[in-house]
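As stored in work_3.txt (compact mmCIF, C-alpha atoms):
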# COMPACT_ATOMS: atom_id res chain seq x y z
CA GLN A 1 122.03 81.21 11.56
CA LYS A 2 124.06 83.13 14.17
CA SER A 3 125.22 85.50 11.45
CA HIS A 4 121.62 86.03 10.37
CA ARG A 5 120.52 86.78 13.94
CA LYS A 6 123.37 89.28 14.34
CA LYS A 7 122.35 91.10 11.16
CA HIS A 8 118.71 91.03 12.20
CA LYS A 9 119.56 92.43 15.63
CA LYS A 10 121.57 95.26 14.07
CA ALA A 11 118.71 96.08 11.69
CA CYS A 12 116.23 96.11 14.58
CA LYS A 13 118.40 98.49 16.58
CA GLN A 14 118.73 100.78 13.58
CA ARG A 15 114.97 100.77 12.98
CA ALA A 16 114.30 101.45 16.68
CA ALA A 17 116.65 104.45 16.53
CA GLU A 18 114.86 105.72 13.41
CA LEU A 19 111.46 105.44 15.08
CA LYS A 20 112.75 107.23 18.17
CA ASP A 21 114.07 110.08 16.01
CA GLU A 22 110.77 110.35 14.14
CA LYS A 23 109.00 110.81 17.45
CA LEU A 24 111.66 113.14 18.88
CA TYR A 25 111.70 115.54 15.94
CA SER A 26 108.00 115.41 15.06
CA GLN A 27 106.64 116.20 18.53
CA GLY A 28 106.91 119.30 20.69
CA HIS A 29 106.64 121.95 17.97
CA LYS A 30 104.15 123.92 20.08
CA ARG A 31 105.00 125.47 23.42
CA PRO A 32 103.39 123.93 26.55
CA GLU A 33 100.35 125.48 28.17
CA SER A 34 102.48 126.78 31.07
CA ASP A 35 104.33 129.07 28.62
CA PHE A 36 101.16 131.03 27.90
CA CYS A 37 99.72 133.84 30.00
CA PRO A 38 96.38 132.56 31.39
CA LEU A 39 94.73 135.95 30.82
CA CYS A 40 95.69 137.16 27.33
CA LEU A 41 96.44 133.58 26.20
CA LEU A 42 99.59 134.73 24.38
CA ALA A 43 102.91 132.92 24.65
CA ILE A 44 105.33 134.66 27.02
CA SER A 45 108.55 136.06 25.56
CA PHE A 46 111.96 134.73 26.54
CA PRO A 47 113.45 134.86 29.06
CA MET A 48 110.07 134.26 30.62
CA GLU A 49 111.08 135.40 34.12
CA GLU A 50 111.76 138.88 32.69
CA HIS A 51 108.44 139.14 30.86
CA ALA A 52 106.07 137.61 33.41
CA MET A 53 105.52 137.27 37.14
CA PHE A 54 105.14 133.89 38.82
CA ARG A 55 102.16 133.78 41.19
CA THR A 56 102.40 131.34 44.12
CA CYS A 57 98.64 131.61 44.75
CA CYS A 58 97.72 129.87 41.49
CA MET A 59 101.14 128.76 40.21
CA LYS A 60 100.64 130.74 37.00
CA MET A 61 103.00 132.96 35.03
CA VAL A 62 101.08 136.17 34.32
CA CYS A 63 102.65 138.34 31.64
CA ASN A 64 103.79 141.88 32.45
CA GLY A 65 101.24 143.28 30.00
CA CYS A 66 98.34 141.72 31.88
CA CYS A 67 99.83 142.82 35.21
CA LEU A 68 99.84 146.39 33.85
CA ALA A 69 96.25 146.05 32.62
CA ALA A 70 95.20 144.79 36.06
CA ALA A 71 96.91 147.71 37.77
CA LYS A 72 95.03 150.12 35.51
CA ILE A 73 91.70 148.87 36.89
CA GLY A 74 92.87 149.00 40.49
CA LEU A 75 94.07 145.43 41.09
CA HIS A 76 97.33 146.48 42.69
CA ASP A 77 97.32 144.06 45.63
CA ALA A 78 95.71 141.00 44.09
CA CYS A 79 96.67 138.35 41.58
CA PRO A 80 95.44 139.44 38.13
CA PHE A 81 94.40 135.85 37.36
CA CYS A 82 92.86 134.25 40.46
CA ARG A 83 92.29 137.58 42.32
CA SER A 84 93.82 136.22 45.54
CA PRO A 85 95.25 139.02 47.70
CA GLU A 86 99.04 139.33 47.82
CA ALA A 87 100.61 137.24 50.58
CA LYS A 88 101.29 139.39 53.65
CA ASN A 89 104.60 137.68 54.39
CA ASP A 90 106.88 134.78 53.46
CA ASP A 91 105.09 132.39 55.81
CA GLU A 92 101.75 133.00 54.11
CA ALA A 93 103.31 132.62 50.64
CA PHE A 94 105.05 129.40 51.71
CA GLY A 95 101.79 128.09 53.18
CA ARG A 96 100.09 128.52 49.81
CA VAL A 97 102.80 126.52 48.12
CA ARG A 98 102.59 123.78 50.77
CA LYS A 99 98.83 123.52 50.31
CA ARG A 100 99.17 122.93 46.57
CA VAL A 101 102.07 120.52 47.11
CA ALA A 102 99.85 118.45 49.40
CA ALA A 103 97.34 118.28 46.53
CA LYS A 104 100.12 116.81 44.33
CA ASP A 105 100.22 119.75 41.94
CA PRO A 106 103.37 119.11 39.82
CA GLU A 107 104.26 122.78 39.28
CA SER A 108 103.95 123.49 43.00
CA ILE A 109 106.21 120.55 43.80
CA CYS A 110 108.73 121.77 41.24
CA HIS A 111 108.56 125.27 42.74
CA LEU A 112 109.13 123.86 46.23
CA GLY A 113 112.24 122.21 44.82
CA ASP A 114 113.40 125.64 43.62
CA LEU A 115 112.83 127.05 47.11
CA HIS A 116 114.94 124.30 48.69
CA LEU A 117 117.67 124.81 46.12
CA ASN A 118 117.92 128.54 46.82
CA GLY A 119 117.18 128.47 50.55
CA VAL A 120 114.14 130.74 50.34
CA HIS A 121 111.55 131.39 53.06
CA GLY A 122 114.01 130.66 55.86
CA MET A 123 114.88 127.18 54.59
CA GLU A 124 118.44 125.94 54.44
CA LYS A 125 119.80 125.25 50.99
CA ASP A 126 119.27 121.57 50.25
CA GLN A 127 120.26 120.33 46.79
CA SER A 128 119.35 116.70 47.43
CA ARG A 129 115.83 117.68 48.53
CA ALA A 130 115.48 119.85 45.42
CA ILE A 131 116.40 116.88 43.22
CA GLU A 132 113.89 114.68 45.05
CA LEU A 133 111.10 117.18 44.56
CA TRP A 134 111.94 117.79 40.90
CA THR A 135 111.94 114.03 40.35
CA GLU A 136 108.48 113.77 41.91
CA ALA A 137 107.23 116.72 39.86
CA ALA A 138 108.66 115.20 36.66
CA GLU A 139 106.88 111.91 37.38
CA LEU A 140 103.65 113.89 37.70
CA GLY A 141 104.24 115.56 34.31
CA SER A 142 106.14 118.81 34.94
CA THR A 143 108.20 119.71 31.86
CA ARG A 144 110.01 122.35 33.88
CA ALA A 145 111.14 119.69 36.35
CA HIS A 146 112.37 117.49 33.50
CA PHE A 147 114.39 120.43 32.18
CA LYS A 148 116.01 121.08 35.56
CA LEU A 149 116.83 117.41 36.08
CA GLY A 150 118.28 117.23 32.58
CA HIS A 151 120.69 120.05 33.40
CA ALA A 152 121.68 118.51 36.74
CA TYR A 153 122.41 115.04 35.34
CA TYR A 154 123.97 116.11 32.05
CA ARG A 155 126.43 118.45 33.77
CA GLY A 156 126.81 116.44 36.98
CA VAL A 157 125.89 119.37 39.23
CA LEU A 158 123.66 119.98 42.26
CA GLY A 159 125.05 116.96 44.06
CA VAL A 160 124.25 114.29 41.46
CA ALA A 161 126.73 112.13 39.59
CA GLN A 162 127.13 113.02 35.94
CA ASP A 163 124.90 110.86 33.77
CA LYS A 164 124.64 112.32 30.27
CA VAL A 165 122.30 109.58 29.06
CA LYS A 166 119.85 110.32 31.87
CA GLY A 167 120.19 114.05 31.30
CA ILE A 168 119.46 113.67 27.58
CA HIS A 169 116.44 111.50 28.37
CA CYS A 170 115.01 114.18 30.70
CA TRP A 171 115.47 116.85 28.04
CA GLU A 172 113.94 114.63 25.36
CA VAL A 173 110.81 114.02 27.44
CA ALA A 174 110.39 117.75 28.03
CA ALA A 175 111.25 118.73 24.45
CA MET A 176 108.59 116.40 23.06
CA GLN A 177 106.10 118.20 25.31
CA GLY A 178 107.16 121.55 23.85
CA ASP A 179 109.76 122.79 26.35
CA VAL A 180 111.96 125.26 24.47
CA GLY A 181 114.91 125.21 26.87
CA SER A 182 115.17 121.42 26.71
CA ARG A 183 115.04 121.47 22.92
CA HIS A 184 117.80 124.11 22.82
CA PHE A 185 120.04 122.09 25.13
CA LEU A 186 119.49 118.94 23.07
CA GLY A 187 120.88 120.96 20.17
CA LEU A 188 123.89 122.01 22.24
CA ALA A 189 124.49 118.41 23.32
CA GLU A 190 124.54 117.34 19.67
CA LEU A 191 127.02 120.13 18.94
CA GLU A 192 129.29 118.76 21.67
CA ASN A 193 129.18 115.41 19.88
CA LEU A 194 129.82 117.10 16.51
CA ASN A 195 126.45 115.92 15.19
CA PHE A 196 125.77 119.16 13.36
CA ASP A 197 122.78 118.05 11.29
CA ARG A 198 120.98 116.76 14.38
CA ALA A 199 121.91 119.90 16.29
CA VAL A 200 120.44 122.20 13.62
CA ARG A 201 117.22 120.18 13.55
CA HIS A 202 116.76 120.75 17.29
CA LEU A 203 117.77 124.42 17.15
CA LEU A 204 115.37 125.11 14.29
CA ILE A 205 112.46 123.84 16.37
CA SER A 206 113.32 126.05 19.35
CA ALA A 207 114.16 129.09 17.18
CA LYS A 208 110.75 128.87 15.54
CA LYS A 209 109.16 129.06 18.99
CA GLY A 210 110.91 132.33 19.82
CA SER A 211 114.36 131.36 21.13
CA LYS A 212 116.89 134.00 20.08
CA GLU A 213 119.66 131.87 21.58
CA SER A 214 118.82 129.03 19.21
CA LEU A 215 118.64 131.34 16.21
CA ASP A 216 122.04 132.83 17.11
CA ARG A 217 123.52 129.32 17.33
CA ILE A 218 122.28 128.52 13.83
CA LYS A 219 123.74 131.79 12.57
CA ASN A 220 127.07 130.89 14.15
CA LEU A 221 126.98 127.46 12.50
CA LEU A 222 126.22 129.17 9.17
CA THR A 223 129.34 131.32 9.45
CA LYS A 224 131.38 128.15 9.99
CA GLY A 225 129.81 126.34 7.05
CA LEU A 226 128.03 123.87 9.33
CA ALA A 227 124.50 125.05 8.54
CA THR A 228 122.98 126.22 5.25
CA LYS A 229 121.65 129.66 4.41
CA ALA A 230 118.26 128.07 3.78
CA GLN A 231 118.24 126.62 7.31
CA TYR A 232 119.12 129.98 8.85
CA LEU A 233 116.44 131.79 6.83
CA GLU A 234 113.90 129.15 7.84
CA GLY A 235 114.80 129.68 11.49
CA LEU A 236 114.78 133.47 11.14
CA GLU A 237 111.33 133.53 9.54
CA GLY A 238 109.93 131.21 12.20
CA TYR A 239 111.54 133.24 14.99
CA GLN A 240 110.13 136.52 13.63
CA ASP A 241 106.64 135.00 13.35
CA ALA A 242 106.84 133.74 16.94
CA VAL A 243 107.96 137.15 18.24
CA GLU A 244 105.16 138.89 16.37
CA GLU A 245 102.58 136.51 17.86
CA MET A 246 103.80 137.35 21.38
CA LYS A 247 103.14 141.09 21.02
CA SER A 248 100.21 143.03 22.47
CA PRO A 249 99.52 146.73 23.15
CA ASP A 250 99.80 146.19 26.93
CA ARG A 251 103.08 144.32 26.56
CA ASP A 252 104.48 147.02 24.31
CA GLU A 253 103.40 149.67 26.82
CA ILE A 254 105.07 147.99 29.81
CA VAL A 255 108.32 147.62 27.83
CA THR A 256 108.24 151.35 27.07
CA LEU A 257 107.53 152.22 30.72
CA MET A 258 110.36 150.01 31.98
CA LYS A 259 112.83 151.74 29.66
CA LYS A 260 112.09 155.15 31.19

Let me see whether you can do it: turn the structure in this file into structure tokens.
Amino acid sequence: QKSHRKKHKKACKQRAAELKDEKLYSQGHKRPESDFCPLCLLAISFPMEEHAMFRTCCMKMVCNGCCLAAAKIGLHDACPFCRSPEAKNDDEAFGRVRKRVAAKDPESICHLGDLHLNGVHGMEKDQSRAIELWTEAAELGSTRAHFKLGHAYYRGVLGVAQDKVKGIHCWEVAAMQGDVGSRHFLGLAELENLNFDRAVRHLLISAKKGSKESLDRIKNLLTKGLATKAQYLEGLEGYQDAVEEMKSPDRDEIVTLMKK
């Protein structure tokens, strides 16, 4: 009877792991709403901070193409999305963030954590406060906060003890909600553990959503015989489709202007 229970327990654990994997790899194939420009409704290219501007007034990432379009119609000193005037100084900008934090907006709380981490707006750098705020934002549903916490715990940085299991969990939560960075780092974590099949599965998902880093990783694995040509071609086709879907005349124009 004890032997039977032991076998049954092992089978249950195996089935639980299978169900977890089914959920992990079947969810998060679409990017989260925060990855899309609220004006043109197109996904923002990576790295997002180079192709969009974060607006503290509405906590939205507005793509460079829409910022250019707004400038063309005279909206130089106002947010292209919510039309709020530009903050006159750091105090006014910080006040806007505080107001949204008080309303328990998860992205505002996450952003406040970033400010504490970097010591912006006259604040002293405070890693522990940043972790606290990211934790609160994650509990309220911020995928970006989950990603940041995943990095901190997995690597044991920013004043927290290394906890790879906790870091992986944070990335998994965010990845299943569509976060591309978290999915990419799950792939890298599997590479560290020499789980190449699992790594490629993660990297394919993120490559198909426009991550050149993930595609390059698959290509590197192909050269080492650790990924198949079919897998690389699948990732390449998905990546090219994602890039094409992120294009617009205004975005192309701003890229050309920035090269001059």

Hey, can you check how far CA of Glu107 (chain A) sits from CA of Phe94 (chain A)?
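One can read the CA of Glu107 (chain A) to CA of Phe94 (chain A) distance as 14.1 Å.
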
Lys30 (chain A) environment, 9 Å, only C-alpha atoms, sequence neighbours closer than 4 positions dropped, as a ChimeraX atom specification:
/A:177-179,209

Just give me the residues with any atom within 10 Å of (109.5, 114.4, 16.9), file coordinates, counting all atoms listed in the file, written as a PyMOL selection string.
chain A and resi 19-29+172+175-177+202+205

For CA of Ala69 (chain A) and CA of Ile254 (chain A), quote the distance in Å rounded to one decimal.
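Spanning CA of Ala69 (chain A) to CA of Ile254 (chain A) is a straight-line distance of 9.5 Å.
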
Pick from A:Val180, A:Ile73, A:Glu49, A:Leu215: nearest to Arg31 (chain A), with only C-alpha atoms counted?
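Answer, going by the shortest atom-to-atom distance: A:Val180.
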
I need the residue nearest Leu236 (chain A) from this list: A:Ala11, A:Ile218, A:Ile131, A:Ala152. Use only C-alpha atoms for the distance.
A:Ile218

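Relative to CA of Tyr239 (chain A), CA of Met53 (chain A) is found at 23.3 Å.
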
Smallest atom-to-atom distance to Asp105 (chain A): which of A:Met59, A:Lys88, A:Ser34, A:Ser128, using all atoms listed in the file?
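That would be A:Met59, the residue with the smallest distance to Asp105 (chain A).
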
Restricting to all atoms listed in the file, whichever of A:Glu18, A:Lys219, A:Leu226, A:Ala207 is closest to Asn195 (chain A) is A:Leu226

So that I can check the surroundings of Arg251 (chain A), please list as a ChimeraX atom specification every protein, DNA and RNA residue that reaches within 9 Å of it, counting only C-alpha atoms and ignoring chain neighbours fewer than 2 positions away.
/A:51,63-66,68,246-249,253-256

Show me, as a ChimeraX atom specification, the residues that have an atom within 9 Å of region 164-168 of chain A when counting all atoms listed in the file, minus same-chain residues fewer than 6 positions from it.
/A:146-147,149-156,182,185-186,189

Among the residues A:Ala227, A:Cys67, A:Ala138, A:Ala130, the one that comes closest to Leu117 (chain A) [using all atoms listed in the file]
A:Ala130

Smallest atom-to-atom distance to Ser211 (chain A): which of A:Gln14, A:Gln231, A:Ser45, A:Asn89, using all atoms listed in the file?
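Ranked by minimum distance to Ser211 (chain A), first place goes to A:Ser45.
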
Please provide the set of residues having any atom within 12 Å of Val101 (chain A), restricted to only C-alpha atoms, with same-chain residues fewer than 5 positions apart removed, written as a list of chain:residue names.
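Listing them by chain and then by number gives A:Thr56, A:Cys57, A:Cys58, A:Met59, A:Phe94, A:Gly95, A:Arg96, A:Pro106, A:Glu107, A:Ser108, A:Ile109, A:Cys110, A:His111, A:Leu112, A:Gly113, A:Leu133, A:Trp134, A:Glu136, A:Ala137, A:Leu140.
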
Report as a PDB file with C-alpha atoms, in the frame of the given file all protein, DNA and RNA residues lying within 12 Å of region 220-224 of chain A, evaluated on all atoms listed in the file, omitting residues in the same chain fewer than 3 positions from it.
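The resulting selection_8.pdb:
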ATOM      1  CA  GLY A 187     120.880 120.960  20.170  1.00  0.00           C
ATOM      2  CA  LEU A 188     123.890 122.010  22.240  1.00  0.00           C
ATOM      3  CA  LEU A 191     127.020 120.130  18.940  1.00  0.00           C
ATOM      4  CA  LEU A 194     129.820 117.100  16.510  1.00  0.00           C
ATOM      5  CA  ASN A 195     126.450 115.920  15.190  1.00  0.00           C
ATOM      6  CA  PHE A 196     125.770 119.160  13.360  1.00  0.00           C
ATOM      7  CA  ASP A 197     122.780 118.050  11.290  1.00  0.00           C
ATOM      8  CA  ALA A 199     121.910 119.900  16.290  1.00  0.00           C
ATOM      9  CA  VAL A 200     120.440 122.200  13.620  1.00  0.00           C
ATOM     10  CA  LEU A 203     117.770 124.420  17.150  1.00  0.00           C
ATOM     11  CA  LEU A 204     115.370 125.110  14.290  1.00  0.00           C
ATOM     12  CA  GLU A 213     119.660 131.870  21.580  1.00  0.00           C
ATOM     13  CA  SER A 214     118.820 129.030  19.210  1.00  0.00           C
ATOM     14  CA  LEU A 215     118.640 131.340  16.210  1.00  0.00           C
ATOM     15  CA  ASP A 216     122.040 132.830  17.110  1.00  0.00           C
ATOM     16  CA  ARG A 217     123.520 129.320  17.330  1.00  0.00           C
ATOM     17  CA  ALA A 227     124.500 125.050   8.540  1.00  0.00           C
ATOM     18  CA  THR A 228     122.980 126.220   5.250  1.00  0.00           C
ATOM     19  CA  LYS A 229     121.650 129.660   4.410  1.00  0.00           C
ATOM     20  CA  ALA A 230     118.260 128.070   3.780  1.00  0.00           C
ATOM     21  CA  GLN A 231     118.240 126.620   7.310  1.00  0.00           C
ATOM     22  CA  TYR A 232     119.120 129.980   8.850  1.00  0.00           C
ATOM     23  CA  LEU A 233     116.440 131.790   6.830  1.00  0.00           C
ATOM     24  CA  GLY A 235     114.800 129.680  11.490  1.00  0.00           C
TER      25      GLY A 235
END
